[in-house]
Amino acid sequence: MNIMKNYLLQHIRKLIFATGIVIICSIASMVPMLLTQKLIDVGFINKDFRYIVACSLYIGIITIVKSGLSYISLKQFSNVGHTIVADLRSDIFDKLLRFPIDYFTEKGSGYLLSRLNEVSQISSLFSPNNVKFLTGFIEAIFALMMIGRTNTNLLILCCIPMVIYIWISMQTTKNYQKIINDALESDAQYTGKLNEVITGQEEIRLNNGKKQEQEKFHRYSENLKNKAIQHTLLLGGTTEILTLVTTFVSVFIYIVCGYFVIRNQLTIGEAIAVTQYAGKLYTPIISFSSVILIVQPALLSIKRIDEAFYKNVLENCNGNKTIDTITELNVKNLCYSYPSRQREIIQNLSFDIKEPSLCYIKGSNGSGKTTLAKILLKLIDGYSGEILINGIELRQISEQFYRNQCAAVSQRTFLFNDTIYNNIVYGISDVTPAHYEQAIRLSGLDKVLRLLPDKERTIIGENGATLSGGEKQKISIARALLKNANVIILDEPSNNLDKKSLYEIKCVLEKISHEKMVIVIDHNDIFEAVASLIINL
Ligand SMILES: Nc1ncnc2c1ncn2[C@@H]1O[C@H](COP(=O)(O)OP(=O)(O)O)[C@@H](O)[C@H]1O
Ligand SMILES: [Mg+2]
C-alpha cells in the first residue's frame, strides 16, 4: 500500500470533499423513510390531505437533491481513481526506462506486460460500487439508530441476521483472496507463454516444436480455465446463498414487526419504516462481499505491482557529473559476474584507450564481450574495479550526458516498426541532410535503399521483420555513424554482413578512428590489422 500513499495524499482534498458529500447523501436518504412513517401515522390516520402532499413533496425534493449530490461524489471519486492510475502508469513507464537491462531479461516481456495491465485494476478501488458501499455503511449506522429509537428489543432482534451475513462475507473473502491471486499469476504466465510463442514462431516451426508448445500451452490454458471456473463458482454460489438468506431474513423481519404491531408496541407507519431500515442495515454487509470482489483484486494488484516495479529493484546508478567530450577511457581491475550466476565473467580487466584510436576487443563465445560493452555503455552496473572517463568514475557521470557522447551498435539489433529514416535518426536531434547522406553511404545502406520503392520512407515491420539481417545491421551502423559522438562502440558489427560490406565497414571505422575513439568488439580478425590496441578476453 506504500506506493499508493503518495498518490492518495496528492488528491486528499478531493477525496475528503467527495466523502463529505457521500455522508450528506447518506443522511439525506434516511429522511424519506422518516417522512413515510409520518405520512402514514399522521397523514393517513388523521386523513390530512395537505400533510400527505407536503410529506410526498419533501420526499421528492430530497430524493432529487440526493441524486445530484451522489453524481457529484461519483464524478470526484472516478476522477481521482483514473488520475491516480494514469500517474502510476507514467511513473512505472519512467521507471522501466531507468531499470537495469538485466531486469527485463530476468522477468520476461510477457510477464511484465501482464503486470503493467494490472495497473488499470487499481481504478476499481474508486468505483461507484465502493462509493455506494460507503454510503450504505453510513446509512446502516443511521438505520441502527432509528430502529433503536423506535424499539430497543426490535433492534436486538434485527441484529441477529447480521451475524449470518457477516459469517458468509468472511468465508467468501477468505476464499476469494486465494483464488484471485492464483488467477492473476496464471494469467501472467499465460500471457508470457503467448508472447514467447508469437515472437518465437520461426524457431518453433523450424525445430518441429509445435507439439511441445501445444502441450505447454494446454497446461497454461487448463490452469487458467480451472481458476476461472473456481472464480465463477465462488461468485455464483455466494450470490445464491445471499439471495436465499435475504428472503428468510425479510420473512423474519415481517414476523417480528407483525408481533410488535399486534402487541401495540409499533404503529403501522413505524413497522413499514423498520422494514425499510432493516434493508439498509444488511445492505453494507451484503455489498461487502461484492466490494471485496472488486477491491481485493485491486489490492492484490497493488501488492504485485509493488513487488514487480518498486521493491528489490535496483535502479541504475545515475551520477550527476557532466562531460562534453570523451578523450580518455581507463579500465582498472574490472570484475563482473551476473547476480544470477556464480562465475566471474570479467576478471581483473585493465586497459587504457585514448582518443583517437581503434580498440579491438576479441574473444570466444561467452567470454564476456557483450557484457563488457554493456558495462561500458552504462547498461549494467554492479561491477567492481574502476572505469574512468576523462578521470571521472563512470557511475558518477550523468547517463544523459554520457550517452550523448557514445554511439553504439549492439549485437542484437532492435529496430522500431517505423520508416527506415526514423530508425536511423532515432534519438539524434541535429540531423543535417549532408550528414545523413554521408551516414547512408558509409554504412552501405545507399545500395539497400536503391532497391526499395519507398526508399527511406519504407516501413520495416516489427523489429525490422521485412529486412534481411545485414540490412538491419546497416541501419544500426548508419545510426551510430550519424550520431555526433566521440566514442563508437560496436558489438560484433560483422554480424550478418557479407565479405564486401564487412570490408567497407572496416575501412570506414579505420577512417573514423583517426578522429574518434572506436571500440570494435568482434571475433572477426579483419579488424586486427587496423587496431591500435587489441584486448583478448
Ligand atoms: N543476463 C544474463 N544473466 C546471466 N548470465 C548472462 C547474462 N547475459 C550473459 N550471460 C552469460 O555471461 C557470459 C558472457 O556473455 P556475453 O558477454 O554475451 O558473451 P560474448 O563474449 O559472447 O558476447 C555467457 O556465459 C552468458 O551465458
Ligand atoms: Mg556477444
# chains A, B, ... in the order shown; residues from 1 in each chain; ligands from 1
>>> residues_near_ligand(ligand="ligand 1", cutoff="7 Å", atoms="only C-alpha atoms and all ligand atoms", output="compact mmCIF listing (two decimals) with N, CA and C atoms, in the first residue's frame")
# COMPACT_ATOMS: atom_id res chain seq x y z
N ASP A 102 19.25 -6.01 -17.13
CA ASP A 102 19.05 -7.36 -16.63
C ASP A 102 17.65 -7.61 -16.10
N THR A 105 15.55 -8.99 -18.80
CA THR A 105 15.93 -10.36 -19.15
C THR A 105 15.36 -11.32 -18.12
N TYR A 338 27.30 -11.88 -13.25
CA TYR A 338 25.85 -11.65 -13.24
C TYR A 338 25.30 -12.14 -11.90
N SER A 340 22.73 -13.63 -11.11
CA SER A 340 22.11 -14.96 -11.11
C SER A 340 23.14 -16.07 -11.32
N ARG A 341 24.39 -15.72 -11.57
CA ARG A 341 25.42 -16.75 -11.82
C ARG A 341 26.60 -16.57 -10.87
N ILE A 345 32.48 -13.31 -14.98
CA ILE A 345 32.58 -13.24 -16.45
C ILE A 345 33.81 -12.41 -16.84
N GLY A 363 37.46 -12.27 -28.49
CA GLY A 363 37.28 -13.33 -27.50
C GLY A 363 36.30 -14.35 -28.02
N SER A 364 36.35 -15.54 -27.42
CA SER A 364 35.46 -16.60 -27.90
C SER A 364 34.03 -16.35 -27.43
N ASN A 365 33.12 -17.19 -27.89
CA ASN A 365 31.71 -17.07 -27.47
C ASN A 365 31.61 -17.14 -25.96
N GLY A 366 30.85 -16.25 -25.39
CA GLY A 366 30.60 -16.31 -23.95
C GLY A 366 31.77 -15.81 -23.12
N SER A 367 32.77 -15.17 -23.77
CA SER A 367 33.93 -14.71 -23.00
C SER A 367 33.65 -13.37 -22.29
N GLY A 368 32.50 -12.77 -22.57
CA GLY A 368 32.13 -11.55 -21.85
C GLY A 368 32.25 -10.28 -22.68
N LYS A 369 32.32 -10.42 -24.01
CA LYS A 369 32.47 -9.23 -24.86
C LYS A 369 31.23 -8.33 -24.77
N THR A 370 30.06 -8.93 -24.95
CA THR A 370 28.82 -8.13 -24.90
C THR A 370 28.63 -7.56 -23.50
N THR A 371 28.98 -8.37 -22.49
CA THR A 371 28.85 -7.89 -21.12
C THR A 371 29.72 -6.65 -20.92
N LEU A 372 30.95 -6.70 -21.43
CA LEU A 372 31.84 -5.54 -21.30
C LEU A 372 31.25 -4.33 -22.03
>>> select_by_dssp(residues="region 269-518 of chain A", states="strand (DSSP E or B)", output="VMD selection string")
chain A and resid 321 328 to 336 346 to 354 357 to 362 384 to 389 392 to 393 397 406 to 409 419 459 487 to 491 517 to 518
>>> write_last_selection(atoms="N, CA and C atoms", output="compact mmCIF listing (two decimals), in the first residue's frame")
# COMPACT_ATOMS: atom_id res chain seq x y z
N LYS A 321 27.54 14.11 -12.73
CA LYS A 321 28.65 14.82 -13.37
C LYS A 321 28.42 14.87 -14.87
N GLU A 328 39.47 10.09 -22.93
CA GLU A 328 40.25 9.02 -22.34
C GLU A 328 39.36 8.02 -21.60
N LEU A 329 39.69 6.75 -21.76
CA LEU A 329 38.95 5.72 -21.04
C LEU A 329 39.96 4.81 -20.34
N ASN A 330 39.87 4.74 -19.01
CA ASN A 330 40.78 3.85 -18.27
C ASN A 330 39.97 2.83 -17.51
N VAL A 331 40.27 1.57 -17.77
CA VAL A 331 39.59 0.49 -17.03
C VAL A 331 40.63 -0.15 -16.13
N LYS A 332 40.31 -0.21 -14.81
CA LYS A 332 41.30 -0.77 -13.86
C LYS A 332 40.66 -1.90 -13.06
N ASN A 333 41.29 -3.06 -13.14
CA ASN A 333 40.86 -4.23 -12.37
C ASN A 333 39.35 -4.47 -12.42
N LEU A 334 38.79 -4.41 -13.58
CA LEU A 334 37.34 -4.58 -13.73
C LEU A 334 36.96 -6.05 -13.54
N CYS A 335 35.99 -6.27 -12.66
CA CYS A 335 35.46 -7.62 -12.44
C CYS A 335 33.94 -7.54 -12.52
N TYR A 336 33.36 -8.57 -13.09
CA TYR A 336 31.89 -8.59 -13.11
C TYR A 336 31.36 -10.01 -13.16
N ILE A 346 33.98 -11.29 -16.14
CA ILE A 346 35.14 -10.44 -16.42
C ILE A 346 36.02 -10.45 -15.18
N GLN A 347 37.30 -10.79 -15.38
CA GLN A 347 38.20 -10.91 -14.22
C GLN A 347 39.38 -9.97 -14.38
N ASN A 348 39.49 -9.05 -13.43
CA ASN A 348 40.65 -8.15 -13.37
C ASN A 348 41.09 -7.59 -14.72
N LEU A 349 40.16 -7.03 -15.42
CA LEU A 349 40.50 -6.49 -16.75
C LEU A 349 40.98 -5.05 -16.61
N SER A 350 42.10 -4.74 -17.23
CA SER A 350 42.60 -3.36 -17.21
C SER A 350 43.06 -2.98 -18.60
N PHE A 351 42.69 -1.80 -19.04
CA PHE A 351 43.22 -1.26 -20.31
C PHE A 351 42.97 0.25 -20.33
N ASP A 352 43.71 0.92 -21.19
CA ASP A 352 43.55 2.38 -21.35
C ASP A 352 43.39 2.70 -22.82
N ILE A 353 42.43 3.55 -23.12
CA ILE A 353 42.23 3.96 -24.52
C ILE A 353 42.21 5.49 -24.55
N LYS A 354 42.94 6.04 -25.51
CA LYS A 354 42.92 7.50 -25.69
C LYS A 354 42.30 7.80 -27.05
N SER A 357 41.50 6.55 -31.59
CA SER A 357 42.12 5.23 -31.68
C SER A 357 41.08 4.19 -32.08
N LEU A 358 41.56 3.02 -32.43
CA LEU A 358 40.63 1.92 -32.69
C LEU A 358 41.05 0.76 -31.80
N CYS A 359 40.18 0.44 -30.88
CA CYS A 359 40.48 -0.66 -29.95
C CYS A 359 39.67 -1.87 -30.41
N TYR A 360 40.34 -2.99 -30.54
CA TYR A 360 39.66 -4.20 -30.98
C TYR A 360 39.60 -5.18 -29.80
N ILE A 361 38.41 -5.52 -29.37
CA ILE A 361 38.25 -6.46 -28.26
C ILE A 361 37.77 -7.78 -28.84
N LYS A 362 38.56 -8.82 -28.64
CA LYS A 362 38.16 -10.10 -29.21
C LYS A 362 38.02 -11.17 -28.11
N SER A 384 32.96 -4.37 -10.13
CA SER A 384 33.93 -3.83 -9.17
C SER A 384 35.15 -3.40 -9.97
N GLY A 385 36.01 -2.64 -9.36
CA GLY A 385 37.13 -2.04 -10.08
C GLY A 385 36.72 -0.64 -10.52
N GLU A 386 37.51 -0.10 -11.45
CA GLU A 386 37.23 1.29 -11.84
C GLU A 386 37.08 1.42 -13.35
N ILE A 387 36.15 2.29 -13.73
CA ILE A 387 36.06 2.69 -15.14
C ILE A 387 36.10 4.21 -15.12
N LEU A 388 37.18 4.76 -15.62
CA LEU A 388 37.33 6.22 -15.56
C LEU A 388 37.16 6.81 -16.96
N ILE A 389 36.29 7.79 -17.03
CA ILE A 389 36.09 8.52 -18.28
C ILE A 389 36.66 9.91 -18.04
N ILE A 392 37.00 10.53 -14.54
CA ILE A 392 35.81 10.50 -13.65
C ILE A 392 35.21 9.10 -13.68
N GLU A 393 34.84 8.58 -12.50
CA GLU A 393 34.24 7.25 -12.43
C GLU A 393 32.91 7.26 -13.22
N ILE A 397 28.90 9.77 -13.66
CA ILE A 397 28.57 10.60 -14.84
C ILE A 397 27.09 10.45 -15.19
N CYS A 406 28.30 8.81 -26.71
CA CYS A 406 28.55 7.42 -27.14
C CYS A 406 27.55 7.00 -28.20
N ALA A 407 28.07 6.45 -29.27
CA ALA A 407 27.18 5.83 -30.25
C ALA A 407 27.41 4.32 -30.13
N ALA A 408 26.35 3.55 -30.34
CA ALA A 408 26.53 2.11 -30.14
C ALA A 408 25.81 1.30 -31.21
N VAL A 409 26.45 0.21 -31.57
CA VAL A 409 25.79 -0.78 -32.44
C VAL A 409 25.74 -2.04 -31.60
N THR A 419 9.58 3.95 -40.23
CA THR A 419 10.30 4.05 -41.51
C THR A 419 11.80 3.85 -41.26
N ILE A 459 8.37 1.37 -44.45
CA ILE A 459 8.10 0.92 -43.07
C ILE A 459 8.59 -0.52 -42.96
N VAL A 487 32.69 8.64 -29.07
CA VAL A 487 33.03 7.23 -28.92
C VAL A 487 32.02 6.38 -29.69
N ILE A 488 32.52 5.40 -30.43
CA ILE A 488 31.59 4.47 -31.08
C ILE A 488 31.95 3.06 -30.59
N ILE A 489 30.96 2.40 -30.02
CA ILE A 489 31.19 1.03 -29.55
C ILE A 489 30.35 0.11 -30.42
N LEU A 490 30.99 -0.83 -31.08
CA LEU A 490 30.25 -1.73 -31.97
C LEU A 490 30.43 -3.17 -31.47
N ASP A 491 29.31 -3.82 -31.16
CA ASP A 491 29.37 -5.20 -30.68
C ASP A 491 29.07 -6.13 -31.85
N MET A 517 37.15 7.80 -30.81
CA MET A 517 37.54 6.58 -30.12
C MET A 517 36.59 5.48 -30.62
N VAL A 518 37.14 4.52 -31.33
CA VAL A 518 36.29 3.45 -31.86
C VAL A 518 36.62 2.15 -31.12
>>> select_by_dssp(residues="region 140-386 of chain A", states="alpha helix (DSSP H)", output="PyMOL selection string")
chain A and resi 140-150+152-199+201-206+210-262+268-305+369-376
>>> closest_residue(among="A:Thr432, A:Gln473, A:Gln411, A:Ser123", to="ligand 2", atoms="only C-alpha atoms and all ligand atoms")
A:Gln411
>>> closest_residue(among="A:Leu194, A:Leu451, A:Ala373, A:Leu125", to="ligand 2", atoms="only C-alpha atoms and all ligand atoms")
A:Ala373
>>> residues_around(residues="Asp430 (chain A)", least_positions_apart="6", cutoff="12 Å", atoms="only C-alpha atoms", output="number ranges by chain")
A: 404, 436, 482-485
>>> closest_residue(among="A:Ile179, A:His82, A:Gln37, A:Ser29", to="Ile61 (chain A)", atoms="only C-alpha atoms")
A:Ser29
>>> residues_around(residues="Lys474 (chain A)", least_positions_apart="5", cutoff="8 Å", atoms="only C-alpha atoms", output="PyMOL selection string")
chain A and resi 443-445
>>> residues_around(residues="Thr325 (chain A)", least_positions_apart="2", cutoff="7 Å", atoms="only C-alpha atoms", output="PyMOL selection string")
chain A and resi 323+327+405+486
>>> atom_distance(atom1="CA of Pro297 (chain A)", atom2="CA of Arg89 (chain A)")
17.4 Å
>>> residues_around(residues="Asn226 (chain A)", least_positions_apart="5", cutoff="10 Å", atoms="only C-alpha atoms", output="CSV table (one decimal) with N, CA and C atoms, in the first residue's frame")
chain,number,residue,atom,x,y,z
A,183,ALA,N,-5.3,-16.8,-9.9
A,183,ALA,CA,-5.8,-16.5,-11.2
A,183,ALA,C,-4.9,-15.4,-11.9
A,186,SER,N,-1.7,-17.1,-12.9
A,186,SER,CA,-1.9,-17.9,-14.1
A,186,SER,C,-2.0,-17.1,-15.3
A,221,SER,N,-3.2,-23.0,-20.3
A,221,SER,CA,-4.6,-22.7,-20.6
A,221,SER,C,-5.6,-23.4,-19.6
A,231,HIS,N,-13.4,-19.3,-9.8
A,231,HIS,CA,-13.8,-17.9,-9.5
A,231,HIS,C,-15.3,-17.7,-9.7
A,232,THR,N,-15.8,-18.2,-10.9
A,232,THR,CA,-17.3,-18.1,-11.2
A,232,THR,C,-18.1,-18.8,-10.2
>>> atom_distance(atom1="CA of Phe416 (chain A)", atom2="CA of Asp324 (chain A)")
28.8 Å
>>> closest_residue(among="A:Ile521, A:Cys159, A:Ile64, A:Ala529", to="ligand 2", atoms="only C-alpha atoms and all ligand atoms")
A:Ile521
>>> residues_around(residues="Arg479 (chain A)", least_positions_apart="2", cutoff="8 Å", atoms="only C-alpha atoms", output="ChimeraX atom specification")
/A:423-426,439,475-477,481-483
>>> atom_distance(atom1="CA of Thr283 (chain A)", atom2="CA of Ala140 (chain A)")
7.6 Å
>>> decode(residues="region 488-533 of chain A", atoms="N, CA and C atoms", output="JSON list (two decimals), in the first residue's frame")
[["chain", "number", "residue", "atom", "x", "y", "z"],
["A", 488, "ILE", "N", 32.52, 5.40, -30.43],
["A", 488, "ILE", "CA", 31.59, 4.47, -31.08],
["A", 488, "ILE", "C", 31.95, 3.06, -30.59],
["A", 489, "ILE", "N", 30.96, 2.40, -30.02],
["A", 489, "ILE", "CA", 31.19, 1.03, -29.55],
["A", 489, "ILE", "C", 30.35, 0.11, -30.42],
["A", 490, "LEU", "N", 30.99, -0.83, -31.08],
["A", 490, "LEU", "CA", 30.25, -1.73, -31.97],
["A", 490, "LEU", "C", 30.43, -3.17, -31.47],
["A", 491, "ASP", "N", 29.31, -3.82, -31.16],
["A", 491, "ASP", "CA", 29.37, -5.20, -30.68],
["A", 491, "ASP", "C", 29.07, -6.13, -31.85],
["A", 492, "GLU", "N", 30.08, -6.82, -32.31],
["A", 492, "GLU", "CA", 30.00, -7.72, -33.45],
["A", 492, "GLU", "C", 29.39, -7.06, -34.68],
["A", 493, "PRO", "N", 30.04, -6.01, -35.19],
["A", 493, "PRO", "CA", 29.49, -5.37, -36.40],
["A", 493, "PRO", "C", 29.54, -6.31, -37.61],
["A", 494, "SER", "N", 30.39, -7.35, -37.54],
["A", 494, "SER", "CA", 30.49, -8.26, -38.68],
["A", 494, "SER", "C", 29.27, -9.16, -38.81],
["A", 495, "ASN", "N", 28.45, -9.17, -37.75],
["A", 495, "ASN", "CA", 27.22, -9.98, -37.75],
["A", 495, "ASN", "C", 26.43, -9.76, -39.02],
["A", 496, "ASN", "N", 26.09, -10.80, -39.72],
["A", 496, "ASN", "CA", 25.20, -10.72, -40.89],
["A", 496, "ASN", "C", 25.76, -9.98, -42.10],
["A", 497, "LEU", "N", 26.97, -9.44, -41.98],
["A", 497, "LEU", "CA", 27.48, -8.68, -43.13],
["A", 497, "LEU", "C", 28.23, -9.61, -44.09],
["A", 498, "ASP", "N", 28.07, -9.35, -45.41],
["A", 498, "ASP", "CA", 28.84, -10.14, -46.37],
["A", 498, "ASP", "C", 30.27, -9.61, -46.38],
["A", 499, "LYS", "N", 31.14, -10.34, -47.08],
["A", 499, "LYS", "CA", 32.57, -10.04, -47.07],
["A", 499, "LYS", "C", 32.84, -8.60, -47.52],
["A", 500, "LYS", "N", 32.14, -8.21, -48.60],
["A", 500, "LYS", "CA", 32.39, -6.89, -49.20],
["A", 500, "LYS", "C", 31.93, -5.79, -48.22],
["A", 501, "SER", "N", 30.72, -5.98, -47.68],
["A", 501, "SER", "CA", 30.18, -4.98, -46.75],
["A", 501, "SER", "C", 31.09, -4.86, -45.53],
["A", 502, "LEU", "N", 31.56, -6.01, -45.05],
["A", 502, "LEU", "CA", 32.42, -6.01, -43.87],
["A", 502, "LEU", "C", 33.72, -5.26, -44.16],
["A", 503, "TYR", "N", 34.26, -5.49, -45.35],
["A", 503, "TYR", "CA", 35.50, -4.80, -45.72],
["A", 503, "TYR", "C", 35.26, -3.30, -45.74],
["A", 504, "GLU", "N", 34.11, -2.90, -46.32],
["A", 504, "GLU", "CA", 33.80, -1.46, -46.41],
["A", 504, "GLU", "C", 33.65, -0.85, -45.01],
["A", 505, "ILE", "N", 32.95, -1.58, -44.13],
["A", 505, "ILE", "CA", 32.75, -1.07, -42.76],
["A", 505, "ILE", "C", 34.10, -0.95, -42.06],
["A", 506, "LYS", "N", 34.96, -1.93, -42.28],
["A", 506, "LYS", "CA", 36.28, -1.89, -41.65],
["A", 506, "LYS", "C", 37.01, -0.62, -42.08],
["A", 507, "CYS", "N", 36.96, -0.30, -43.39],
["A", 507, "CYS", "CA", 37.65, 0.89, -43.90],
["A", 507, "CYS", "C", 37.06, 2.15, -43.29],
["A", 508, "VAL", "N", 35.71, 2.17, -43.19],
["A", 508, "VAL", "CA", 35.04, 3.34, -42.61],
["A", 508, "VAL", "C", 35.48, 3.53, -41.16],
["A", 509, "LEU", "N", 35.49, 2.42, -40.40],
["A", 509, "LEU", "CA", 35.85, 2.51, -38.98],
["A", 509, "LEU", "C", 37.30, 2.95, -38.82],
["A", 510, "GLU", "N", 38.13, 2.46, -39.69],
["A", 510, "GLU", "CA", 39.54, 2.85, -39.62],
["A", 510, "GLU", "C", 39.67, 4.36, -39.84],
["A", 511, "LYS", "N", 38.92, 4.85, -40.84],
["A", 511, "LYS", "CA", 38.97, 6.29, -41.15],
["A", 511, "LYS", "C", 38.48, 7.11, -39.95],
["A", 512, "ILE", "N", 37.35, 6.66, -39.40],
["A", 512, "ILE", "CA", 36.76, 7.39, -38.27],
["A", 512, "ILE", "C", 37.71, 7.38, -37.07],
["A", 513, "SER", "N", 38.44, 6.27, -36.94],
["A", 513, "SER", "CA", 39.29, 6.13, -35.75],
["A", 513, "SER", "C", 40.45, 7.14, -35.72],
["A", 514, "HIS", "N", 40.60, 7.92, -36.80],
["A", 514, "HIS", "CA", 41.60, 8.98, -36.77],
["A", 514, "HIS", "C", 41.06, 10.22, -36.05],
["A", 515, "GLU", "N", 39.72, 10.25, -35.87],
["A", 515, "GLU", "CA", 39.11, 11.41, -35.19],
["A", 515, "GLU", "C", 38.44, 11.02, -33.87],
["A", 516, "LYS", "N", 38.00, 9.77, -33.78],
["A", 516, "LYS", "CA", 37.20, 9.38, -32.62],
["A", 516, "LYS", "C", 37.79, 8.16, -31.92],
["A", 517, "MET", "N", 37.15, 7.80, -30.81],
["A", 517, "MET", "CA", 37.54, 6.58, -30.12],
["A", 517, "MET", "C", 36.59, 5.48, -30.62],
["A", 518, "VAL", "N", 37.14, 4.52, -31.33],
["A", 518, "VAL", "CA", 36.29, 3.45, -31.86],
["A", 518, "VAL", "C", 36.62, 2.15, -31.12],
["A", 519, "ILE", "N", 35.60, 1.52, -30.56],
["A", 519, "ILE", "CA", 35.82, 0.25, -29.87],
["A", 519, "ILE", "C", 35.04, -0.82, -30.63],
["A", 520, "VAL", "N", 35.77, -1.73, -31.24],
["A", 520, "VAL", "CA", 35.10, -2.79, -32.01],
["A", 520, "VAL", "C", 35.22, -4.09, -31.24],
["A", 521, "ILE", "N", 34.08, -4.69, -30.95],
["A", 521, "ILE", "CA", 34.06, -5.98, -30.26],
["A", 521, "ILE", "C", 33.67, -7.00, -31.32],
["A", 522, "ASP", "N", 34.50, -7.96, -31.57],
["A", 522, "ASP", "CA", 34.18, -8.90, -32.65],
["A", 522, "ASP", "C", 35.05, -10.15, -32.50],
["A", 523, "HIS", "N", 34.77, -11.14, -33.33],
["A", 523, "HIS", "CA", 35.69, -12.26, -33.36],
["A", 523, "HIS", "C", 36.22, -12.44, -34.77],
["A", 524, "ASN", "N", 36.00, -11.42, -35.60],
["A", 524, "ASN", "CA", 36.49, -11.48, -36.97],
["A", 524, "ASN", "C", 37.81, -10.70, -37.04],
["A", 525, "ASP", "N", 38.89, -11.41, -37.35],
["A", 525, "ASP", "CA", 40.21, -10.79, -37.23],
["A", 525, "ASP", "C", 40.52, -9.74, -38.28],
["A", 526, "ILE", "N", 39.54, -9.44, -39.12],
["A", 526, "ILE", "CA", 39.73, -8.39, -40.12],
["A", 526, "ILE", "C", 40.09, -7.05, -39.44],
["A", 527, "PHE", "N", 39.63, -6.87, -38.20],
["A", 527, "PHE", "CA", 39.87, -5.61, -37.50],
["A", 527, "PHE", "C", 41.25, -5.54, -36.85],
["A", 528, "GLU", "N", 41.88, -6.71, -36.74],
["A", 528, "GLU", "CA", 43.14, -6.78, -36.02],
["A", 528, "GLU", "C", 44.21, -5.88, -36.68],
["A", 529, "ALA", "N", 44.21, -5.89, -38.02],
["A", 529, "ALA", "CA", 45.24, -5.17, -38.76],
["A", 529, "ALA", "C", 45.16, -3.65, -38.57],
["A", 530, "VAL", "N", 43.93, -3.15, -38.31],
["A", 530, "VAL", "CA", 43.77, -1.68, -38.21],
["A", 530, "VAL", "C", 43.69, -1.21, -36.76],
["A", 531, "ALA", "N", 43.76, -2.13, -35.82],
["A", 531, "ALA", "CA", 43.59, -1.74, -34.41],
["A", 531, "ALA", "C", 44.87, -1.17, -33.81],
["A", 532, "SER", "N", 44.70, -0.13, -32.98],
["A", 532, "SER", "CA", 45.87, 0.40, -32.28],
["A", 532, "SER", "C", 46.03, -0.29, -30.93],
["A", 533, "LEU", "N", 44.96, -0.96, -30.49],
["A", 533, "LEU", "CA", 45.02, -1.70, -29.23],
["A", 533, "LEU", "C", 44.16, -2.96, -29.38]]
